[in-house]
Amino acid sequence: MTATATPAIGRTARPAAGGALAGTGLLLRFALRRDRVRIPVWLAALVLGTVWPVTAFREVYPTEAARQAAAATMNSPAGLAFSGPAHYLSDYHYGSMVSHQVLGFLAIFVGIMSVLLVIRHTRAEEEAGRAELIRAGVVGRHAPLAAALILATAVNLALGLLLTVAVGSTGLEGVTWEGSLLYGAANTAAGITFAGVAAVTAQLTEHSRGASGMGLAVVGAAYLVRAAGDSADSGLSWASPIGWIQQTFAYLDDRWWPLLLNLSTAAVLTAIGFRLSLRRDLGAGMRAARRGRPAASPMLTTPLGFALRLHRGMLIGFAAGMVALSASYGTFLGDIEEMFRDVELLRNAMAQLGGATVTDLYVTMVMTILAIVAAIHVVLTTLRPRSEETSGRAASVLATGLSRTGWLGSHLAVAVVGGPVLTVLSGLAFAAAGAPVAEDGGLLGKLLAASAAYTPALWVTAGFAVALVGWLPRATALAWVLVAYAGVIGYFGMILDIPDWLTNLSPFSHIPRLPVDEFRWAPLLILTAIAAGLIAAGLYGFRRRDLDSK
């Protein structure tokens, strides 16, 4: 008989090789395999989001006089909050404009990417139960978090390199290779910082949506703190990771040392994340789950009530964020005429639109942006049944007397009602903040009409997503392509000369741009009919196909 050694009772057996980091390389390769499409799409979108507006600067500000006029109009609290520190205005060439107008805004999306990457490969894996299976092998305690952070760091390094090459190759005046290298490094540093934030939020709650929400809230707060500090020309902007990267003054002073603040903060947050992971059980969070009621409320016994409960936190979070964002945009209305009075491209646009004012164009652009943000919520809500299906929870629910159409339709109802509610709330907040400074008594009515007009476009977005769930469940990521495309067309369509056939591919392009355009019923009714057809097709397809439980 051969004796078998067993670990002492109460002592945790450690992995044979690598200790707490055993299996990190394997998990990293697996994460790269899973995100082989997601990561290139993120990188392409972020690089394009920089290069497209940067190359448009030559058309928008063709002369030195135009650039100096832009610098003069930007030198206001509203202009500085919207862009960045006033020091950029001391020598406002194309390079300065890149860092001043693009860097801080792009950092928001870099932060979103980093937060979602880390949460996807840490907390989401624990919530789905896959982390427990992986940890049953030769995988160390810290390996999943380490692999996620290495992945996020590598992606941000790749982004920095791509931005360096893409922006440095534009050949614009003042866009040097040294400045481009710093511009790329600044975005990398911001992304690594927010990856550290996600490493901490992943330990606080047992739900991936809560961890993502807290991480994204930090990204939004960083931007708002930076905006408040720059608008008041105070040191408050030094409290923001986005403020740190803008203090590099790429293409102007080329200061590298502020990035040390980002990297040191990322290191501290990473250490905190690893430390917290040792103080909780696998699958649990540092914050204890709230105890529920002894009995469910009558509302939870209905499909719609249960779906609304599942989406309640995200809906409230989106509402709070969009109200704050739209209110901050509204505070600019008093200065917007002065800020863009001498921009030739806007003057030409106003002439083509029959004498529209700069304020009207600004309202139109802001409402388009807010509608795209609402479309993000619509897609997230509509695709939630797919995640319920793949996790196996849908099969348990549908094993009862609940029909497939009723179950999927309940989630869809939250999307088709919640999206328009978000846009209307944003319009109200925009009007409440903008009416006092714009001195326009009719602003509330204009913004309510402009926000409500986007309802059919949001319905088409939901219809496209649910059609994918019903017929092409493995291709539901295509729903994000529609939102991203609509965002690019909506944001740059009034600046760049985009062909009409490309513009018309976005459902949001067919909405009357109130208060600039005249209100028209025909496109709204056509979009509503398209949405109804897509929704009916999606529900029919889901009812006929097999469930995909893993």
# chains A, B, ... in the order shown; residues from 1 in each chain; ligands from 1
$ residues_around --residues "Phe105 of chain A" --least-positions-apart "2" --cutoff "10 Å" --atoms "only C-alpha atoms" --output "list in words"
Gly49, Thr50, Phe82, Ser83, Gly84, Ser99, His100, Gln101, Val102, Leu103, Ala107, Ile108, Phe109, Val110, Tyr223 and Ile242 of chain A
$ write_last_selection --atoms "N, CA and C atoms" --output "CSV table (one decimal), in the first residue's frame"
chain,number,residue,atom,x,y,z
A,49,GLY,N,-11.7,58.0,-33.5
A,49,GLY,CA,-12.2,59.1,-32.8
A,49,GLY,C,-11.3,60.2,-32.5
A,50,THR,N,-10.0,60.0,-32.6
A,50,THR,CA,-9.0,61.0,-32.5
A,50,THR,C,-8.6,61.6,-33.9
A,82,PHE,N,-15.3,72.9,-21.0
A,82,PHE,CA,-15.6,71.9,-22.1
A,82,PHE,C,-14.3,71.3,-22.7
A,83,SER,N,-13.2,72.0,-22.6
A,83,SER,CA,-12.0,71.6,-23.3
A,83,SER,C,-10.9,71.2,-22.3
A,84,GLY,N,-10.2,72.3,-21.7
A,84,GLY,CA,-9.1,72.0,-20.9
A,84,GLY,C,-8.4,73.2,-20.3
A,99,SER,N,-4.5,68.5,-28.0
A,99,SER,CA,-4.5,68.2,-26.6
A,99,SER,C,-5.6,68.9,-25.9
A,100,HIS,N,-5.9,70.1,-26.3
A,100,HIS,CA,-6.8,71.0,-25.6
A,100,HIS,C,-8.3,70.4,-25.8
A,101,GLN,N,-8.6,70.1,-27.0
A,101,GLN,CA,-10.0,69.8,-27.3
A,101,GLN,C,-10.3,68.3,-27.4
A,102,VAL,N,-9.3,67.5,-27.6
A,102,VAL,CA,-9.5,66.0,-27.8
A,102,VAL,C,-9.1,65.2,-26.6
A,103,LEU,N,-7.9,65.5,-26.0
A,103,LEU,CA,-7.3,64.6,-25.1
A,103,LEU,C,-8.3,64.3,-23.9
A,107,ALA,N,-10.1,60.6,-23.1
A,107,ALA,CA,-9.7,59.9,-21.9
A,107,ALA,C,-11.0,59.3,-21.3
A,108,ILE,N,-12.1,59.8,-21.4
A,108,ILE,CA,-13.4,59.3,-20.9
A,108,ILE,C,-13.6,57.9,-21.5
A,109,PHE,N,-13.5,57.8,-22.8
A,109,PHE,CA,-13.7,56.5,-23.5
A,109,PHE,C,-12.6,55.5,-23.2
A,110,VAL,N,-11.4,56.0,-23.1
A,110,VAL,CA,-10.3,55.1,-22.7
A,110,VAL,C,-10.5,54.5,-21.3
A,223,TYR,N,-13.8,63.5,-14.9
A,223,TYR,CA,-14.0,64.5,-15.9
A,223,TYR,C,-14.7,65.7,-15.4
A,242,ILE,N,-7.7,62.7,-15.2
A,242,ILE,CA,-7.8,63.3,-16.5
A,242,ILE,C,-7.1,64.7,-16.5
$ residues_around --residues "Val378 of chain A" --least-positions-apart "6" --cutoff "7 Å" --atoms "only C-alpha atoms" --output "ChimeraX atom specification"
/A:415,419,462
$ residues_around --residues "Gly220 of chain A" --least-positions-apart "5" --cutoff "9 Å" --atoms "only C-alpha atoms" --output "list in words"
Ile108, Gly215, Val225 and Gly321 of chain A
$ write_last_selection --atoms "N, CA and C atoms" --output "PDB file, in the first residue's frame"
ATOM      1  N   ILE A 108     -12.141  59.845 -21.449  1.00  0.00           N
ATOM      2  CA  ILE A 108     -13.368  59.258 -20.897  1.00  0.00           C
ATOM      3  C   ILE A 108     -13.592  57.877 -21.490  1.00  0.00           C
ATOM      4  N   GLY A 215     -17.054  51.896 -11.236  1.00  0.00           N
ATOM      5  CA  GLY A 215     -15.880  52.298 -11.999  1.00  0.00           C
ATOM      6  C   GLY A 215     -16.181  53.398 -12.994  1.00  0.00           C
ATOM      7  N   VAL A 225     -14.629  66.831 -12.232  1.00  0.00           N
ATOM      8  CA  VAL A 225     -13.681  67.539 -11.362  1.00  0.00           C
ATOM      9  C   VAL A 225     -12.677  68.317 -12.206  1.00  0.00           C
ATOM     10  N   GLY A 321     -26.682  60.076 -14.260  1.00  0.00           N
ATOM     11  CA  GLY A 321     -25.550  60.520 -15.070  1.00  0.00           C
ATOM     12  C   GLY A 321     -25.969  61.423 -16.212  1.00  0.00           C
TER      13      GLY A 321
END
$ residues_around --residues "Leu145 of chain A" --least-positions-apart "6" --cutoff "10 Å" --atoms "only C-alpha atoms" --output "list in words"
Leu21, Thr24, Leu27, Leu28, Val118, Ile119, His121, Thr122, Arg123, Leu151, Ala199, Ala202, Thr270, Gly273, Phe274 and Ser277 of chain A
